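Enquirer: You'll find final_0.txt just under this line, and it carries compact mmCIF, C-alpha atoms and all ligand atoms.
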```txt
# COMPACT_ATOMS: atom_id res chain seq x y z
CA MET A 1 -109.19 296.27 78.49
CA LEU A 2 -112.70 295.05 77.65
CA ARG A 3 -115.24 296.98 79.75
CA ILE A 4 -118.17 294.82 80.87
CA ALA A 5 -121.42 295.98 82.55
CA VAL A 6 -122.94 293.63 85.14
CA PRO A 7 -126.22 294.10 87.09
CA ASN A 8 -125.35 295.18 90.65
CA LYS A 9 -128.74 294.16 92.12
CA GLY A 10 -132.13 292.74 91.20
CA SER A 11 -133.15 289.37 89.75
CA LEU A 12 -130.31 289.03 87.23
CA SER A 13 -127.37 290.04 89.42
CA GLU A 14 -126.53 286.84 91.28
CA THR A 15 -126.73 284.47 88.30
CA ALA A 16 -124.85 286.89 86.04
CA VAL A 17 -121.94 287.03 88.48
CA GLU A 18 -122.04 283.24 89.01
CA MET A 19 -121.80 282.69 85.25
CA LEU A 20 -118.86 285.07 84.92
CA VAL A 21 -117.02 283.35 87.79
CA GLU A 22 -117.69 279.93 86.19
CA ALA A 23 -116.32 281.39 82.97
CA GLY A 24 -113.04 282.14 84.76
CA TYR A 25 -113.44 285.85 85.51
CA THR A 26 -112.92 287.60 88.85
CA GLY A 27 -116.12 288.04 90.87
CA ARG A 28 -117.00 290.79 93.31
CA ARG A 29 -115.52 290.19 96.81
CA ASP A 30 -116.97 293.37 98.29
CA PRO A 31 -120.73 293.36 97.54
CA ARG A 32 -120.69 297.18 97.44
CA ALA A 33 -117.79 297.54 94.99
CA LEU A 34 -118.81 299.39 91.82
CA THR A 35 -115.84 298.27 89.71
CA VAL A 36 -113.66 295.17 89.67
CA ALA A 37 -110.46 295.01 87.63
CA ASP A 38 -109.49 291.61 86.19
CA PRO A 39 -106.17 292.28 84.44
CA ARG A 40 -105.35 288.57 84.02
CA ASN A 41 -108.34 288.27 81.69
CA GLY A 42 -107.92 291.76 80.22
CA VAL A 43 -111.32 292.97 81.43
CA GLU A 44 -112.83 295.45 83.87
CA PHE A 45 -116.30 294.97 85.36
CA PHE A 46 -118.71 297.83 86.08
CA TYR A 47 -121.50 296.92 88.50
CA LEU A 48 -124.49 299.04 87.49
CA ARG A 49 -128.24 299.23 87.98
CA PRO A 50 -129.80 296.76 85.52
CA ARG A 51 -131.90 299.51 83.94
CA ASP A 52 -128.83 301.67 83.21
CA ILE A 53 -126.76 298.98 81.50
CA ALA A 54 -128.29 299.41 78.01
CA THR A 55 -127.65 303.17 78.22
CA TYR A 56 -123.94 302.75 79.00
CA VAL A 57 -123.44 300.00 76.44
CA GLY A 58 -125.53 301.76 73.78
CA SER A 59 -123.47 304.94 74.12
CA GLY A 60 -120.24 302.97 73.67
CA ALA A 61 -118.99 303.97 77.15
CA LEU A 62 -118.90 300.25 77.95
CA ASP A 63 -118.20 297.52 75.37
CA VAL A 64 -120.62 294.82 76.42
CA GLY A 65 -123.13 294.11 79.19
CA ILE A 66 -125.56 291.66 80.73
CA THR A 67 -129.16 292.84 81.07
CA GLY A 68 -132.76 291.81 80.38
CA ARG A 69 -134.25 291.94 76.87
CA ASP A 70 -137.19 293.96 78.30
CA LEU A 71 -134.82 296.57 79.76
CA LEU A 72 -132.88 296.78 76.48
CA LEU A 73 -136.07 297.39 74.48
CA ASP A 74 -137.37 299.92 77.00
CA SER A 75 -134.12 301.91 76.82
CA SER A 76 -134.19 302.86 73.11
CA SER A 77 -130.44 302.19 73.24
CA GLU A 78 -128.24 301.57 70.18
CA ALA A 79 -127.02 298.31 71.75
CA GLN A 80 -127.98 294.98 70.16
CA GLU A 81 -128.65 291.60 71.69
CA ILE A 82 -125.64 289.41 70.78
CA GLN A 83 -126.33 286.27 72.86
CA THR A 84 -129.09 284.87 75.07
CA LEU A 85 -127.87 283.60 78.42
CA ASP A 86 -130.53 281.09 79.47
CA PHE A 87 -131.58 282.65 82.79
CA GLY A 88 -133.87 285.46 83.98
CA ASP A 89 -136.78 284.26 81.85
CA SER A 90 -140.03 286.18 82.26
CA THR A 91 -142.99 287.38 80.25
CA PHE A 92 -144.19 290.94 80.10
CA ARG A 93 -147.99 291.15 80.47
CA PHE A 94 -150.96 293.38 81.12
CA ALA A 95 -153.02 292.64 84.23
CA ALA A 96 -156.16 294.03 85.79
CA VAL A 97 -158.87 293.29 88.35
CA PRO A 98 -160.92 290.34 87.03
CA GLY A 99 -163.98 291.48 85.07
CA THR A 100 -162.71 295.02 84.40
CA VAL A 101 -160.52 294.50 81.31
CA HIS A 102 -161.25 291.57 78.96
CA GLU A 103 -159.06 292.26 75.96
CA LEU A 104 -156.41 294.63 74.67
CA GLY A 105 -159.04 296.96 73.12
CA ASP A 106 -160.53 297.58 76.57
CA LEU A 107 -157.36 299.54 77.47
CA GLU A 108 -158.35 302.33 75.06
CA GLY A 109 -158.45 305.59 77.04
CA ARG A 110 -157.57 303.80 80.32
CA ARG A 111 -154.62 304.36 82.70
CA VAL A 112 -151.87 301.72 82.53
CA ALA A 113 -149.17 301.73 85.22
CA THR A 114 -145.71 300.44 84.30
CA SER A 115 -141.98 300.86 84.92
CA TYR A 116 -141.39 300.19 81.19
CA PRO A 117 -143.23 303.06 79.42
CA THR A 118 -141.30 302.88 76.14
CA LEU A 119 -141.79 299.13 75.74
CA VAL A 120 -145.49 299.35 76.63
CA GLY A 121 -146.11 302.57 74.67
CA GLU A 122 -144.61 301.06 71.50
CA PHE A 123 -146.64 297.87 71.93
CA LEU A 124 -149.90 299.81 72.38
CA ALA A 125 -149.11 302.07 69.41
CA ARG A 126 -148.42 299.01 67.21
CA HIS A 127 -151.88 297.75 68.14
CA GLY A 128 -153.58 301.10 67.58
CA ILE A 129 -154.50 301.62 71.25
CA THR A 130 -154.23 305.00 72.95
CA ALA A 131 -153.88 304.64 76.71
CA ARG A 132 -152.50 306.90 79.45
CA LEU A 133 -149.23 305.50 80.78
CA VAL A 134 -148.54 306.03 84.48
CA LYS A 135 -144.78 305.68 85.07
CA LEU A 136 -143.85 304.03 88.37
CA ASP A 137 -140.48 302.78 89.62
CA GLY A 138 -141.64 299.39 90.91
CA ALA A 139 -144.31 297.48 92.84
CA VAL A 140 -146.69 298.47 90.03
CA GLU A 141 -149.16 295.73 91.02
CA SER A 142 -150.35 298.03 93.84
CA ALA A 143 -151.24 300.86 91.45
CA ILE A 144 -154.80 299.71 90.73
CA ARG A 145 -155.83 299.25 94.36
CA LEU A 146 -154.28 302.60 95.16
CA GLY A 147 -156.40 304.22 92.46
CA VAL A 148 -153.73 305.57 90.10
CA ALA A 149 -154.29 303.05 87.26
CA ASP A 150 -156.94 300.79 85.67
CA ALA A 151 -154.43 298.19 84.53
CA VAL A 152 -150.73 297.41 84.93
CA ALA A 153 -148.05 296.12 82.58
CA ASP A 154 -145.15 294.34 84.26
CA VAL A 155 -142.76 291.41 84.43
CA VAL A 156 -144.49 288.12 85.29
CA SER A 157 -142.47 285.11 86.37
CA THR A 158 -144.39 282.78 88.72
CA GLY A 159 -147.45 285.08 88.73
CA SER A 160 -147.55 285.07 92.53
CA THR A 161 -147.16 288.87 92.86
CA LEU A 162 -150.20 289.39 90.60
CA ARG A 163 -152.26 286.76 92.42
CA ALA A 164 -151.42 288.25 95.80
CA GLN A 165 -152.84 291.58 94.57
CA GLY A 166 -156.01 289.92 93.19
CA LEU A 167 -155.10 290.68 89.57
CA GLU A 168 -155.36 288.52 86.45
CA ILE A 169 -153.39 288.56 83.22
CA VAL A 170 -155.24 290.07 80.27
CA GLY A 171 -154.48 290.53 76.59
CA PRO A 172 -151.62 289.22 74.48
CA VAL A 173 -148.00 288.63 75.51
CA ILE A 174 -146.16 291.94 75.25
CA LEU A 175 -142.72 290.32 75.29
CA GLU A 176 -140.89 287.10 76.20
CA SER A 177 -137.81 288.32 78.05
CA THR A 178 -134.60 286.66 79.15
CA ALA A 179 -131.11 287.68 80.22
CA VAL A 180 -129.02 288.72 77.22
CA LEU A 181 -125.51 289.89 76.38
CA ILE A 182 -125.67 293.24 74.60
CA SER A 183 -123.19 295.39 72.70
CA ALA A 184 -123.18 298.31 70.28
CA ARG A 185 -119.81 297.14 68.89
CA PRO A 186 -119.76 293.33 68.90
CA GLU A 187 -116.55 293.27 66.83
CA VAL A 188 -114.47 294.84 69.66
CA ASP A 189 -111.45 292.73 70.69
CA GLY A 190 -112.26 290.30 73.47
CA ILE A 191 -116.05 290.10 73.03
CA ALA A 192 -115.81 286.89 70.98
CA THR A 193 -113.73 285.29 73.77
CA LEU A 194 -116.26 286.41 76.41
CA GLN A 195 -119.07 284.93 74.29
CA ARG A 196 -117.24 281.61 73.82
CA ARG A 197 -116.59 281.41 77.56
CA LEU A 198 -120.23 282.15 78.44
CA GLN A 199 -121.40 279.66 75.80
CA GLY A 200 -119.08 277.13 77.46
CA VAL A 201 -120.74 277.74 80.83
CA LEU A 202 -124.19 277.21 79.27
CA VAL A 203 -123.08 273.96 77.65
CA ALA A 204 -121.49 272.75 80.90
CA ARG A 205 -124.78 273.47 82.68
CA GLN A 206 -127.01 271.93 80.02
CA TYR A 207 -125.11 268.74 79.13
CA VAL A 208 -123.60 265.70 80.85
CA LEU A 209 -121.02 263.24 79.54
CA MET A 210 -122.34 259.72 79.06
CA ASP A 211 -120.06 256.67 78.77
CA TYR A 212 -121.22 253.14 78.06
CA ASP A 213 -120.10 249.77 76.78
CA LEU A 214 -121.95 248.26 73.84
CA PRO A 215 -121.84 245.20 71.56
CA ARG A 216 -120.26 246.57 68.36
CA ALA A 217 -123.17 245.27 66.25
CA LEU A 218 -125.59 247.63 68.05
CA LEU A 219 -123.59 250.81 67.39
CA ALA A 220 -125.91 252.31 64.76
CA GLN A 221 -128.94 251.94 67.05
CA ALA A 222 -127.13 253.45 70.05
CA GLN A 223 -125.68 256.27 67.98
CA ALA A 224 -129.22 257.30 67.03
CA VAL A 225 -129.98 257.72 70.77
CA THR A 226 -126.72 259.53 71.62
CA PRO A 227 -125.63 261.38 68.47
CA GLY A 228 -123.41 263.73 70.53
CA LEU A 229 -122.57 267.18 69.20
CA GLU A 230 -120.49 266.15 66.16
CA SER A 231 -120.69 262.38 66.62
CA PRO A 232 -119.93 260.10 69.56
CA THR A 233 -116.40 258.92 70.41
CA VAL A 234 -116.16 255.17 69.82
CA SER A 235 -113.16 253.32 71.31
CA PRO A 236 -112.21 249.66 71.06
CA LEU A 237 -112.45 247.39 74.12
CA ALA A 238 -110.17 244.36 74.82
CA ASP A 239 -113.09 242.20 73.68
CA PRO A 240 -113.26 242.84 69.90
CA ASP A 241 -117.06 242.39 69.85
CA TRP A 242 -117.59 245.33 72.23
CA VAL A 243 -116.90 249.09 72.04
CA ALA A 244 -116.87 251.94 74.55
CA VAL A 245 -118.93 254.98 73.56
CA ARG A 246 -118.79 258.54 74.93
CA ALA A 247 -121.20 261.33 73.99
CA MET A 248 -122.58 264.58 75.38
CA VAL A 249 -126.26 264.29 76.32
CA PRO A 250 -128.72 267.06 77.34
CA LYS A 251 -128.89 266.92 81.15
CA ASP A 252 -132.71 266.90 81.20
CA ASP A 253 -132.77 263.76 79.02
CA THR A 254 -130.25 261.81 81.13
CA ASN A 255 -132.53 259.11 82.55
CA HIS A 256 -134.59 258.60 79.37
CA VAL A 257 -131.39 258.16 77.39
CA MET A 258 -129.97 255.70 79.95
CA ASP A 259 -133.20 253.65 79.79
CA ALA A 260 -133.15 253.62 75.99
CA LEU A 261 -129.47 252.61 75.87
CA TYR A 262 -130.01 249.83 78.39
CA ASP A 263 -132.95 248.49 76.32
CA ILE A 264 -130.76 248.47 73.22
CA GLY A 265 -128.08 246.42 75.05
CA ALA A 266 -125.66 248.98 76.49
CA ARG A 267 -124.13 248.20 79.88
CA ALA A 268 -121.96 250.07 82.44
CA ILE A 269 -123.69 253.34 81.56
CA LEU A 270 -121.94 256.14 83.49
CA VAL A 271 -122.83 259.81 83.68
CA SER A 272 -120.42 262.60 84.65
CA PRO A 273 -120.86 266.36 84.92
CA ILE A 274 -119.02 268.73 82.59
CA HIS A 275 -117.07 271.38 84.51
CA ALA A 276 -116.16 273.57 81.56
CA ALA A 277 -116.51 273.47 77.81
CA ARG A 278 -115.36 275.33 74.74
CA ILE A 279 -117.55 274.25 71.84
N1 LIG B 1 -139.39 287.72 89.18
C1 LIG B 1 -138.56 287.75 88.14
N2 LIG B 1 -138.18 286.62 87.50
C2 LIG B 1 -137.33 286.67 86.44
N3 LIG B 1 -136.83 287.80 85.94
C3 LIG B 1 -137.18 288.93 86.52
C4 LIG B 1 -138.06 288.99 87.64
N4 LIG B 1 -138.22 290.26 88.02
C5 LIG B 1 -137.48 290.97 87.17
N5 LIG B 1 -136.86 290.18 86.28
C6 LIG B 1 -135.96 290.60 85.20
O1 LIG B 1 -134.82 291.18 85.78
C7 LIG B 1 -134.40 292.30 85.03
C8 LIG B 1 -134.16 293.44 85.98
O2 LIG B 1 -135.29 293.66 86.73
P1 LIG B 1 -135.19 293.80 88.29
O3 LIG B 1 -136.57 293.87 88.80
O4 LIG B 1 -134.28 292.78 88.83
O5 LIG B 1 -134.47 295.19 88.36
P2 LIG B 1 -134.92 296.43 89.14
O6 LIG B 1 -136.41 296.47 89.19
O7 LIG B 1 -134.17 297.59 88.59
O8 LIG B 1 -134.31 296.09 90.53
P3 LIG B 1 -135.12 295.99 91.87
O9 LIG B 1 -136.38 295.23 91.55
O10 LIG B 1 -134.19 295.24 92.79
O11 LIG B 1 -135.33 297.43 92.23
C9 LIG B 1 -135.48 292.55 83.97
O12 LIG B 1 -134.95 292.10 82.74
C10 LIG B 1 -136.62 291.67 84.37
O13 LIG B 1 -137.29 291.06 83.27
O1 LIG B 2 -144.44 286.68 88.82
P1 LIG B 2 -143.56 286.82 90.03
O2 LIG B 2 -142.72 285.57 90.25
O3 LIG B 2 -144.32 287.20 91.24
O4 LIG B 2 -142.47 287.94 89.72
C1 LIG B 2 -142.82 289.17 89.17
C2 LIG B 2 -142.47 290.31 90.06
O5 LIG B 2 -141.04 290.38 90.20
C3 LIG B 2 -140.59 291.70 89.86
O6 LIG B 2 -140.64 292.52 90.98
P2 LIG B 2 -139.35 292.97 91.81
O7 LIG B 2 -139.12 291.99 92.92
O8 LIG B 2 -138.22 293.20 90.89
O9 LIG B 2 -139.83 294.32 92.46
P3 LIG B 2 -140.06 295.72 91.73
O10 LIG B 2 -141.48 295.70 91.23
O11 LIG B 2 -139.89 296.71 92.83
O12 LIG B 2 -139.05 295.87 90.65
C4 LIG B 2 -141.65 292.16 88.87
O13 LIG B 2 -141.65 293.58 88.77
C5 LIG B 2 -142.93 291.60 89.43
O14 LIG B 2 -143.48 292.45 90.40
MG MG B 3 -137.78 294.87 89.74
```
Represent the structure from my file as structure tokens, please.

Expert:
Amino acid sequence: MLRIAVPNKGSLSETAVEMLVEAGYTGRRDPRALTVADPRNGVEFFYLRPRDIATYVGSGALDVGITGRDLLLDSSSEAQEIQTLDFGDSTFRFAAVPGTVHELGDLEGRRVATSYPTLVGEFLARHGITARLVKLDGAVESAIRLGVADAVADVVSTGSTLRAQGLEIVGPVILESTAVLISARPEVDGIATLQRRLQGVLVARQYVLMDYDLPRALLAQAQAVTPGLESPTVSPLADPDWVAVRAMVPKDDTNHVMDALYDIGARAILVSPIHAARI
């Protein structure tokens, strides 16, 4: 049985579970369940606090897990990132009251509040800055107003939490984070299948199938617009001068590609979603 760690709450939880369900695994019916067995797929899920996942996976107690890159790096765990999962994107930044901290060097000797002391401590040490880290569990943006810190270091997504507290970002990017699959033993049986299934979900989300009819003579031009993954499928039509073409196209490019194909001479351009994929 492959043992998989999944965030039980927080920003990554809902999308992580959605992806696993799309990948054919059993989700959590009871939102308070801590474990879910999925014998048909030969796996067992452990719903854990996102911050604890790297610890369990790094120790080998669990084979593989979904967590944030920032949490992995803050944990000093033995686990490695084995796949990015294309959700939960954020940046990790310093912030302060405008006019009080202008650059990284201004943090020398100051108090920096964070829930990620290892990540921030290592970053400051790499840059030769000695600051006093104030470890808080969350809501760190309040720490300056409440007088326990001169600056904060935290996850920034839209920036609205910082703005609401009258803070501004200062200094360089500490880390670009995203949701990742982690393991200390990526060769364990079943992890490759899990990765292929999750990759399939990402492809199904990121691509559409495009079909169109085209005068055969224009094939080279159209193929340059829709190269597909390997190459497009080209099928004969009853009219020998025309062909039918099918290719996967990045979802975000759909309308630009349709316009370009139409201009080249393609007609009956149809777009369909991909429900599942194994690339
Ligand atoms: N607003 C956000 N947008 C995107 N990702 C985020 C956001 N807040 C946190 N994350 C990411 O989610 C992961 C877990 O953090 P999260 O804040 O969800 O956990 P937590 O703080 O333990 O839980 P909670 O905030 O519910 O107590 C981290 O990798 C973090 O980068
Ligand atoms: O840039 P924004 O879109 O405003 O998002 C960033 C905020 O989201 C997270 O907080 P969370 O809701 O996890 O609360 P927490 O601080 O208690 O962990 C993070 O710690 C920031 O405070
Ligand atoms: Mg949080």

Enquirer: Show me which residues are within 8 Å of ligand MG 3 (chain B) counting only C-alpha atoms and all ligand atoms, and format the list as a PDB file with C-alpha atoms, keeping the file's coordinate frame.

Expert:
```pdb
ATOM      1  CA  GLY A  10    -132.130 292.740  91.200  1.00  0.00           C
ATOM      2  CA  SER A  11    -133.150 289.370  89.750  1.00  0.00           C
ATOM      3  CA  GLY A 138    -141.640 299.390  90.910  1.00  0.00           C
ATOM      4  CA  ALA A 139    -144.310 297.480  92.840  1.00  0.00           C
TER       5      ALA A 139
END
```

Enquirer: By how many Å are CA of Pro232 (chain A) and CA of Tyr212 (chain A) apart?

Expert: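 Going from CA of Pro232 (chain A) over to CA of Tyr212 (chain A), I get 11.1 Å.
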
Enquirer: Kindly indicate which residue among A:Leu219, A:Leu73, A:Ile269, A:Ile129 lies nearest to ligand LIG 1 (chain B), using only C-alpha atoms and all ligand atoms for the distances.

Expert: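 Distance minimum relative to ligand LIG 1 (chain B) lands on A:Leu73.
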
Enquirer: Taking only C-alpha atoms and all ligand atoms into account, report as JSON, numbers by chain which residues have an atom no farther than 6 Å from an atom of ligand LIG 1 (chain B).

Expert: {"A": [9, 10, 11, 12, 50, 51, 68, 69, 70, 71, 88, 89, 90, 155, 157, 177]}

Enquirer: Near Leu119 (chain A), counting all atoms listed in the file, which residues have an atom at most 10 Å away, once you skip same-chain residues fewer than 6 positions from it, shown as a ChimeraX atom specification?

Expert: /A:70-76,92,153,174-175

Enquirer: Please write the residues from the selection above to a file, keeping C-alpha atoms, as a tab-separated table (two decimals), in the frame of the given file.

Expert:
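Below you can see result_1.tsv, which holds the result:
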```tsv
chain	number	residue	atom	x	y	z
A	70	ASP	CA	-137.19	293.96	78.30
A	71	LEU	CA	-134.82	296.57	79.76
A	72	LEU	CA	-132.88	296.78	76.48
A	73	LEU	CA	-136.07	297.39	74.48
A	74	ASP	CA	-137.37	299.92	77.00
A	75	SER	CA	-134.12	301.91	76.82
A	76	SER	CA	-134.19	302.86	73.11
A	92	PHE	CA	-144.19	290.94	80.10
A	153	ALA	CA	-148.05	296.12	82.58
A	174	ILE	CA	-146.16	291.94	75.25
A	175	LEU	CA	-142.72	290.32	75.29
```

Enquirer: Compare A:Leu62, A:Val156, A:Ala79, A:Ala131 by their minimum atom-to-atom distance to ligand LIG 2 (chain B), counting only C-alpha atoms and all ligand atoms, and give me the closest one.

Expert: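 Using only C-alpha atoms and all ligand atoms, ligand LIG 2 (chain B) sits closest to A:Val156.
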
Enquirer: So, counting all atoms listed in the file, which residue among A:Ala277, A:Met248, A:Leu107, A:Gln221 is closest to Asp263 (chain A)?

Expert: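 Selected residue with least distance to Asp263 (chain A): A:Gln221.
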
Enquirer: Point out the residue among A:Val201, A:Ala266, A:Leu104, A:Val112 with the least atom-to-atom distance to Leu133 (chain A), counting all atoms listed in the file.

Expert: A:Val112

Enquirer: Calculate how many Å separate CA of Arg40 (chain A) from CA of Ala276 (chain A), rounding to one decimal.

Expert: 18.7 Å

Enquirer: Within 12 Å of (-152.9, 302.7, 87.6), in the coordinates the file gives, what residues turn up when you count only C-alpha atoms, written out as a VMD selection string?

Expert: chain A and resid 94 to 97 107 110 to 115 131 to 136 139 to 154

Enquirer: Out of A:Phe123, A:Tyr47, A:Trp242, A:Tyr207, which residue has the shortest atom-to-atom distance to Thr226 (chain A) when counting all atoms listed in the file?

Expert: A:Tyr207

Enquirer: What is the CA of Ala238 (chain A)-CA of Met258 (chain A) distance in Å, reported with one decimal?

Expert: 23.4 Å

Enquirer: Out of A:Gly200, A:Pro98, A:Gly27, A:Gly265, which residue has the shortest atom-to-atom distance to Leu162 (chain A) when counting only C-alpha atoms?

Expert: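 Among the listed residues, the smallest separation from Leu162 (chain A) belongs to A:Pro98.
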
Enquirer: Any chance you could work out the axis-aligned box around region 154-159 of chain A, listed atoms only, 6 Å on each side, giving centre and edge lengths in Å to one decimal, as JSON?

Expert:
```
{"center_x": -145.0, "center_y": 288.6, "center_z": 86.5, "size_x": 17.0, "size_y": 23.6, "size_z": 16.5}
```
